[in-house]
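Novice: A single structure is presented below for examination.
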Amino acid sequence: MADILQRMASSLYDGDEEGVVESVQKALGQGMDPQDVLSGGLIAGMDEVGKDFKAGDLFVPEVLIAARAMAAGMKILRPLLAESDASSAGKCVIGTVEGDLHDIGKNLVKMMLEGAGFETVDLGTDVKPEVFVDAVREQQPKIVGMSALLTTTMVNMKTTIEALQESGLRDSVKIMIGGAPVTAAFADEIGADAYAPDAATAVDVARSLTA
Amino acid sequence: MILENMTAVPRFGMLTREQCETIHRASLEVLRRTGVRIYHDEALDLLRETDAVTIDGNLVRFQPGLVEWALAQAPSRIPLCKRGSDKVIAPLEGREVCFGTGSDCLTYLDPRTGERRPFTAADVIDCIHVTDALPEMQFCMSMGVIGKHPYREQFALMLEHTTKPIVFVCDDRADCEAIVAMAAAAAGGIEQLQLNPSLLLYSEPSSPLRHSETAVGKVLYMAEQNLPIVHSPAPVQGGTATVTLGGALVMANAEILSGLVMHQLKRAGAPWVYGSGMHQLDMRTTISVYTSPEFVLARVAVAEMGRFYGLPTWGYAGDVNSCVVDEQAAAEATFSIMAALLAGNNLTHDIGYAESGKTTSPELIVLCDEIISMLRHFMAGFSLDEDGIALDIIHEVGPDGNFLATNHTVRHCRDMWRPKLFSRLGGEAWANKGGKWLGEILREKTVSIIEEHQPEPLDDNVRAEIEYVLKNS
């Protein structure tokens, strides 16, 4: 039993999507509890990835393929876990703010969050404040994540927060922001709850916001 | 081979073939018309026997045929090996560039205190450990000068504290004999040392146009032993050579070639490194300048002339005029290392020299190691083969996607150069990690190597033989 979880964790570490799917199916076929598969296989593997990334031994693309393998495993487990609500570390709505088409950082954060067990709803790029508002109303996420690369578009983070306030939804979510020109001071200034300088930190920040 | 053709690499050249021939002919003219003084009886006898020289007292004038005969004898490659092994660490051939430290400084820049002070034996050991530990250092020179018989003691320390090839300096033939005896003990006999040389002697003619008795003694001894030597003039432009680089180069070349003739007459085919260290005289301070535009041009010329002759070449880099490891040192080190890599000086020494060759700084050696690593990646170029151009990946990802999590990116994400010491953090992360300047990081890294590095030990019986040689020679 432990063998298969170990193999699952190691396939996940290597970013071997097929390997992860295969061992998840096999573990379930042997009658293992989905919660044990999640914690003993997928999360155990991802914890190893996170540790080695922080130590500088793994690189971003390697973390991403591990996250992708994790997501593939989660796809099988999620329906089985739904009842106990253990399916997700939390739901996040994420997008690049209005006027900005840059999405690599946002995608990176999204993949890292998914790898850490968060469920994400990606609104894409050039997302207008009202689109964020609608998504919050419909999806009821715990977190809203906003990204901007340009100094000219980062001000739209403020506009979006104001729109959430006006619609009375501001207090139902935690707001985190990031992007090359964004700083912790800017986050404070516009009334966001948190800032992360990079995608790996974003996962830690999201965890602390939902804890 | 196809792969190699599809790799785009930085290319650099200065002298045309015609210009190399011009320099060669001019040097032959110096040897014919002006001649060279040789203060060594055996060498004069060897030359006299050729009937291709005219000797007037100790002034020797050469016919071109003898010089070109000698050039045709010397080998085109010298594989410098790990101590006691046949593993090549510094391949002196083609455009290979192997870096190592410099020799015999009086002043040590102590990384623990920042103090400039005279070298001690303990400092020399620390510097050898730093050289042994750093991956881009491929050979070791003594760095500091110490002791009663400094050269033998320095060599013994290097032999004990590093497995990398040793380029040594010494006084005379007797020193050479003692040093070769020690090296042979570590190599498992003189034949092994000849086949897998782990040492190389640096000696100099005395510009302008003189070979001293002791220097020729060393040249002939190394030829006799069939062990490698670089007999490299160090004329100072405006002092012991013409102020212009052209004349200094031609004269230095005449000094090298006349040395090579004696060397090959002693033993045809003995290994010889083509080298010259033209410096310019700073006309305000009379300092013999290290890294400078003129100095670096001279290094490039030496690399290209050596290749023109089909001989391994000597080089200089990471040798700065600054008295400390500061911004000037970093700029001069980077300039000279880049030039050495582009020019292809095979045996490039003096990494870690400060104060125009009077001081060695182990922190500067650590800094140069990082710079060399960075510039080696630059020199490696990039691939234009199918996988490098990756049309299929571009097509698969398309306009709206990203390349971060493709298998192609994963496969290649470790190809890129990663600094060990240089920072790539953003301002906040940098500040959170202590906001350190590079100098502080260099100091910490250097001290940690000195405190922690353990070189591969020498066998007790070899150590005993070295002790014996030191006591009895």
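Going by the structure tokens order, chains are called A, B, ..., each with residues numbered from 1, while ligands are numbered from 1 in the order shown.
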Using only C-alpha atoms and a distance of at most 9 Å, pull out the residues of chain B that contact chain A, as an MDAnalysis selection string.

Specialist: chainID B and resid 401:407 409:411 413:414 426 428:429

Novice: Write a file of the just-selected residues containing C-alpha atoms, as a compact mmCIF listing (two decimals), in the first residue's frame.

Specialist:
```
# COMPACT_ATOMS: atom_id res chain seq x y z
CA GLY B 401 -0.14 30.13 -24.56
CA ASN B 402 3.01 30.14 -22.53
CA PHE B 403 6.19 28.15 -22.72
CA LEU B 404 6.84 27.73 -19.02
CA ALA B 405 5.42 24.29 -18.46
CA THR B 406 6.27 22.67 -21.81
CA ASN B 407 8.47 19.60 -21.69
CA THR B 409 11.31 24.15 -21.29
CA VAL B 410 11.65 21.54 -18.56
CA ARG B 411 14.28 19.70 -20.59
CA CYS B 413 15.70 24.90 -18.01
CA ARG B 414 18.95 23.67 -16.48
CA GLY B 426 14.37 41.64 -6.60
CA GLU B 428 12.60 43.40 -1.50
CA ALA B 429 13.83 39.81 -1.48
```

Novice: DSSP says strand (DSSP E) for which residues of stretch 100-330 of chain B? Put them as JSON, numbers by chain?

Specialist: {"B": [100, 101, 107, 108, 109, 116, 117, 118, 137, 138, 139, 166, 167, 168, 199, 200, 201, 202, 203, 210, 211, 229, 230, 231, 236, 237, 272, 273, 279, 280, 314, 315, 316]}

Novice: Could you pull the residues within 8 Å of stretch 10-20 of chain B, counting only C-alpha atoms, minus those fewer than 3 positions along the same chain, as a PyMOL selection string?

Specialist: chain B and resi 23-24+300-301+304-305+308+342-343+378-381

Novice: For N, CA and C atoms, I'd like the residues from the last selection saved as a PDB file, in the first residue's frame.

Specialist:
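Written output follows (out_37.pdb):
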```
ATOM      1  N   ILE B  23      55.135  39.509 -38.473  1.00  0.00           N
ATOM      2  CA  ILE B  23      55.770  39.495 -37.143  1.00  0.00           C
ATOM      3  C   ILE B  23      56.875  38.438 -37.117  1.00  0.00           C
ATOM      4  N   HIS B  24      56.576  37.260 -37.665  1.00  0.00           N
ATOM      5  CA  HIS B  24      57.549  36.165 -37.695  1.00  0.00           C
ATOM      6  C   HIS B  24      58.821  36.586 -38.445  1.00  0.00           C
ATOM      7  N   VAL B 300      46.233  38.890 -26.598  1.00  0.00           N
ATOM      8  CA  VAL B 300      45.559  38.347 -27.775  1.00  0.00           C
ATOM      9  C   VAL B 300      46.597  38.016 -28.843  1.00  0.00           C
ATOM     10  N   ALA B 301      47.557  38.934 -29.033  1.00  0.00           N
ATOM     11  CA  ALA B 301      48.596  38.717 -30.052  1.00  0.00           C
ATOM     12  C   ALA B 301      49.396  37.452 -29.740  1.00  0.00           C
ATOM     13  N   GLU B 304      47.445  34.338 -30.612  1.00  0.00           N
ATOM     14  CA  GLU B 304      47.315  34.127 -32.060  1.00  0.00           C
ATOM     15  C   GLU B 304      48.652  33.754 -32.697  1.00  0.00           C
ATOM     16  N   MET B 305      49.744  34.331 -32.212  1.00  0.00           N
ATOM     17  CA  MET B 305      51.055  33.938 -32.745  1.00  0.00           C
ATOM     18  C   MET B 305      51.368  32.490 -32.369  1.00  0.00           C
ATOM     19  N   PHE B 308      49.475  30.309 -34.590  1.00  0.00           N
ATOM     20  CA  PHE B 308      50.107  30.388 -35.917  1.00  0.00           C
ATOM     21  C   PHE B 308      51.283  29.408 -35.988  1.00  0.00           C
ATOM     22  N   LEU B 342      38.098  34.702 -25.514  1.00  0.00           N
ATOM     23  CA  LEU B 342      37.901  34.983 -26.939  1.00  0.00           C
ATOM     24  C   LEU B 342      39.175  34.698 -27.737  1.00  0.00           C
ATOM     25  N   ALA B 343      40.326  35.025 -27.146  1.00  0.00           N
ATOM     26  CA  ALA B 343      41.591  34.848 -27.869  1.00  0.00           C
ATOM     27  C   ALA B 343      42.045  33.392 -27.841  1.00  0.00           C
ATOM     28  N   PHE B 378      28.786  32.064 -22.013  1.00  0.00           N
ATOM     29  CA  PHE B 378      28.712  32.975 -23.161  1.00  0.00           C
ATOM     30  C   PHE B 378      29.469  32.364 -24.351  1.00  0.00           C
ATOM     31  N   MET B 379      30.664  31.852 -24.089  1.00  0.00           N
ATOM     32  CA  MET B 379      31.487  31.293 -25.166  1.00  0.00           C
ATOM     33  C   MET B 379      30.859  30.039 -25.777  1.00  0.00           C
ATOM     34  N   ALA B 380      30.036  29.337 -25.009  1.00  0.00           N
ATOM     35  CA  ALA B 380      29.423  28.095 -25.515  1.00  0.00           C
ATOM     36  C   ALA B 380      28.364  28.378 -26.578  1.00  0.00           C
ATOM     37  N   GLY B 381      27.898  29.629 -26.670  1.00  0.00           N
ATOM     38  CA  GLY B 381      26.976  30.004 -27.739  1.00  0.00           C
ATOM     39  C   GLY B 381      25.602  29.370 -27.574  1.00  0.00           C
TER      40      GLY B 381
END
```

Novice: Please identify all polymer residues within 10 Å of A:Arg137, counting only C-alpha atoms, omitting same-chain residues fewer than 4 positions from it, and present them as a PyMOL selection string.

Specialist: chain A and resi 131-133+141+164+167-169+172

Novice: Just C-alpha atoms for this one: save the residues we selected as an mmCIF file, in the first residue's frame.

Specialist:
```
data_model
loop_
_atom_site.group_PDB
_atom_site.id
_atom_site.type_symbol
_atom_site.label_atom_id
_atom_site.label_comp_id
_atom_site.auth_asym_id
_atom_site.auth_seq_id
_atom_site.Cartn_x
_atom_site.Cartn_y
_atom_site.Cartn_z
ATOM 1 C CA VAL A 131 -16.217 40.763 -14.386
ATOM 2 C CA PHE A 132 -14.316 40.239 -11.116
ATOM 3 C CA VAL A 133 -17.444 41.320 -9.218
ATOM 4 C CA PRO A 141 -14.241 32.164 -3.642
ATOM 5 C CA LEU A 164 -16.075 44.977 -4.965
ATOM 6 C CA SER A 167 -21.202 45.782 -4.645
ATOM 7 C CA GLY A 168 -20.888 44.828 -0.965
ATOM 8 C CA LEU A 169 -18.716 41.804 -1.702
ATOM 9 C CA SER A 172 -16.532 38.130 1.627
#
```

Novice: Between atom CA of B:Glu255 and atom CA of B:Phe62, what is the distance, to one decimal in Å?

Specialist: 11.6 Å

Novice: Leaving out B:Gln280 and any residue of its chain fewer than 4 positions from it, which residues lie within 12 Å of it when counting only C-alpha atoms, given as JSON, numbers by chain?

Specialist: {"B": [234, 235, 236, 237, 238, 239, 240, 241, 242, 243, 244, 245, 248, 249, 284, 285, 286, 287, 288, 289, 290, 291, 292, 293, 294, 295, 296, 297, 298, 356]}

Novice: Any idea what the distance is between atom CA of B:Val230 and atom CA of B:Val167?

Specialist: 9.3 Å

Novice: To test your reading of the structure, identify every residue in chain A that backbone DSSP assigns to alpha helix (DSSP H), and report it as an MDAnalysis selection string.

Specialist: chainID A and resid 2:13 17:29 34:37 44:54 60:81 104:115 129:139 155:166 184:190 199:210

Novice: What separation in Å, quoted to one decimal, exists between atom CA of B:Gly259 and atom CA of B:Val67?

Specialist: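 Between atom CA of B:Gly259 and atom CA of B:Val67 the gap works out to 9.8 Å.
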
Novice: Show me, as a ChimeraX atom specification, the residues that have an atom within 12 Å of B:Pro205 when counting only C-alpha atoms, minus same-chain residues fewer than 5 positions from it.

Specialist: /B:36-39,210-219,230-235,240,251-260,275-277

Novice: Mind dumping the selected residues with N, CA and C atoms as a CSV table (one decimal), in the first residue's frame?

Specialist:
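Result file result-v3.csv:
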```
chain,number,residue,atom,x,y,z
B,36,VAL,N,71.1,37.7,-30.0
B,36,VAL,CA,70.7,37.5,-28.6
B,36,VAL,C,71.9,37.1,-27.8
B,37,ARG,N,72.0,37.6,-26.6
B,37,ARG,CA,73.1,37.2,-25.7
B,37,ARG,C,72.7,36.0,-24.9
B,38,ILE,N,73.6,35.0,-24.9
B,38,ILE,CA,73.2,33.7,-24.2
B,38,ILE,C,74.4,33.5,-23.2
B,39,TYR,N,74.0,33.5,-21.9
B,39,TYR,CA,75.1,33.4,-20.8
B,39,TYR,C,75.2,31.9,-20.4
B,210,ARG,N,68.3,38.8,-23.9
B,210,ARG,CA,69.3,38.1,-23.2
B,210,ARG,C,68.6,36.9,-22.5
B,211,HIS,N,69.4,35.8,-22.5
B,211,HIS,CA,69.0,34.6,-21.7
B,211,HIS,C,70.1,34.4,-20.7
B,212,SER,N,69.7,34.5,-19.4
B,212,SER,CA,70.7,34.4,-18.3
B,212,SER,C,71.1,32.9,-18.2
B,213,GLU,N,72.2,32.7,-17.4
B,213,GLU,CA,72.7,31.4,-17.2
B,213,GLU,C,71.7,30.5,-16.5
B,214,THR,N,71.1,31.1,-15.4
B,214,THR,CA,70.2,30.2,-14.6
B,214,THR,C,68.9,29.9,-15.5
B,215,ALA,N,68.5,30.9,-16.2
B,215,ALA,CA,67.3,30.6,-17.0
B,215,ALA,C,67.5,29.5,-18.1
B,216,VAL,N,68.7,29.6,-18.8
B,216,VAL,CA,69.0,28.6,-19.8
B,216,VAL,C,69.2,27.3,-19.1
B,217,GLY,N,69.8,27.3,-17.9
B,217,GLY,CA,70.0,26.0,-17.2
B,217,GLY,C,68.6,25.3,-17.0
B,218,LYS,N,67.6,26.1,-16.6
B,218,LYS,CA,66.3,25.6,-16.4
B,218,LYS,C,65.7,25.1,-17.7
B,219,VAL,N,65.9,25.9,-18.8
B,219,VAL,CA,65.3,25.5,-20.1
B,219,VAL,C,65.9,24.1,-20.5
B,230,VAL,N,57.3,27.0,-20.0
B,230,VAL,CA,57.0,28.2,-20.7
B,230,VAL,C,58.2,29.2,-20.4
B,231,HIS,N,58.9,29.6,-21.4
B,231,HIS,CA,60.1,30.5,-21.2
B,231,HIS,C,59.6,31.8,-21.8
B,232,SER,N,59.0,32.6,-20.9
B,232,SER,CA,58.2,33.7,-21.4
B,232,SER,C,58.8,35.1,-21.0
B,233,PRO,N,59.2,35.8,-22.0
B,233,PRO,CA,59.8,37.2,-21.7
B,233,PRO,C,58.7,38.1,-21.1
B,234,ALA,N,59.2,39.0,-20.3
B,234,ALA,CA,58.2,40.0,-19.8
B,234,ALA,C,58.8,41.4,-20.0
B,235,PRO,N,58.9,41.8,-21.3
B,235,PRO,CA,59.5,43.1,-21.5
B,235,PRO,C,58.5,44.2,-21.1
B,240,THR,N,62.2,48.1,-21.2
B,240,THR,CA,63.0,47.1,-21.7
B,240,THR,C,62.5,46.6,-23.1
B,251,MET,N,60.2,41.7,-30.7
B,251,MET,CA,61.4,41.5,-29.9
B,251,MET,C,61.2,40.3,-29.0
B,252,ALA,N,60.0,40.3,-28.3
B,252,ALA,CA,59.7,39.2,-27.4
B,252,ALA,C,59.6,37.9,-28.2
B,253,ASN,N,59.1,37.9,-29.4
B,253,ASN,CA,59.0,36.7,-30.2
B,253,ASN,C,60.4,36.2,-30.6
B,254,ALA,N,61.4,37.1,-30.8
B,254,ALA,CA,62.8,36.7,-31.1
B,254,ALA,C,63.3,36.1,-29.8
B,255,GLU,N,63.0,36.6,-28.6
B,255,GLU,CA,63.5,36.0,-27.4
B,255,GLU,C,62.9,34.6,-27.2
B,256,ILE,N,61.6,34.4,-27.5
B,256,ILE,CA,61.0,33.1,-27.4
B,256,ILE,C,61.6,32.1,-28.3
B,257,LEU,N,61.7,32.6,-29.6
B,257,LEU,CA,62.2,31.6,-30.6
B,257,LEU,C,63.7,31.2,-30.4
B,258,SER,N,64.5,32.2,-29.9
B,258,SER,CA,65.9,31.8,-29.6
B,258,SER,C,65.9,30.8,-28.4
B,259,GLY,N,65.0,31.0,-27.5
B,259,GLY,CA,64.9,30.0,-26.3
B,259,GLY,C,64.5,28.7,-26.9
B,260,LEU,N,63.5,28.7,-27.8
B,260,LEU,CA,63.0,27.4,-28.3
B,260,LEU,C,64.1,26.7,-29.1
B,275,GLY,N,54.9,31.8,-24.9
B,275,GLY,CA,54.3,32.8,-24.1
B,275,GLY,C,55.2,34.1,-24.0
B,276,SER,N,54.5,35.2,-23.8
B,276,SER,CA,55.2,36.4,-23.5
B,276,SER,C,54.3,37.3,-22.7
B,277,GLY,N,54.9,38.0,-21.8
B,277,GLY,CA,54.1,38.9,-21.0
B,277,GLY,C,54.5,40.4,-21.1
```

Novice: Excluding A:Asp126 and residues on its chain fewer than 5 positions from it, collect all residues at most 8 Å away from it, counting only C-alpha atoms, and give them as a list in words.

Specialist: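 Residues meeting the cut-off are Gly95, Thr96, Val97, Glu98, Gly99, Asp100 and Leu101 of chain A.
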
Novice: Take the residues from that selection and put them in a file with N, CA and C atoms, as a short mmCIF file (atom, residue, chain, number, x, y, z; two decimals), in the first residue's frame.

Specialist:
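Output saved as out16.cif:
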```cif
data_model
loop_
_atom_site.label_atom_id
_atom_site.label_comp_id
_atom_site.auth_asym_id
_atom_site.auth_seq_id
_atom_site.Cartn_x
_atom_site.Cartn_y
_atom_site.Cartn_z
N GLY A 95 -7.08 36.67 -12.08
CA GLY A 95 -7.08 37.29 -13.41
C GLY A 95 -6.08 38.43 -13.51
N THR A 96 -5.74 38.78 -14.76
CA THR A 96 -4.92 39.97 -15.02
C THR A 96 -5.88 41.15 -15.22
N VAL A 97 -5.59 42.28 -14.57
CA VAL A 97 -6.57 43.37 -14.53
C VAL A 97 -6.77 44.06 -15.88
N GLU A 98 -7.79 44.86 -15.95
CA GLU A 98 -8.19 45.54 -17.18
C GLU A 98 -7.03 46.30 -17.82
N GLY A 99 -6.94 46.16 -19.14
CA GLY A 99 -5.93 46.90 -19.91
C GLY A 99 -4.62 46.15 -20.06
N ASP A 100 -4.49 45.01 -19.40
CA ASP A 100 -3.20 44.31 -19.38
C ASP A 100 -3.36 42.89 -19.95
N LEU A 101 -2.53 42.58 -20.97
CA LEU A 101 -2.62 41.27 -21.62
C LEU A 101 -1.57 40.29 -21.11
#
```

Novice: Rank A:Ile161, A:Ser208, A:Gly56, A:Val93 by their smallest atom-to-atom distance to B:Arg418, using only C-alpha atoms, and report the top residue only.

Specialist: A:Gly56

Novice: Quick one: of B:Val320, B:Cys127, B:Leu220, B:Ala186, who's nearest to B:Ala464, counting only C-alpha atoms?

Specialist: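 Smallest distance to B:Ala464 is found for B:Ala186.
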
Novice: Identify which of the residues A:Leu77, A:Val144, A:Arg207, A:Gly191 lies closest to A:Met32, counting only C-alpha atoms when measuring atom-to-atom distances.

Specialist: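 Result for the nearest residue to A:Met32: A:Leu77.
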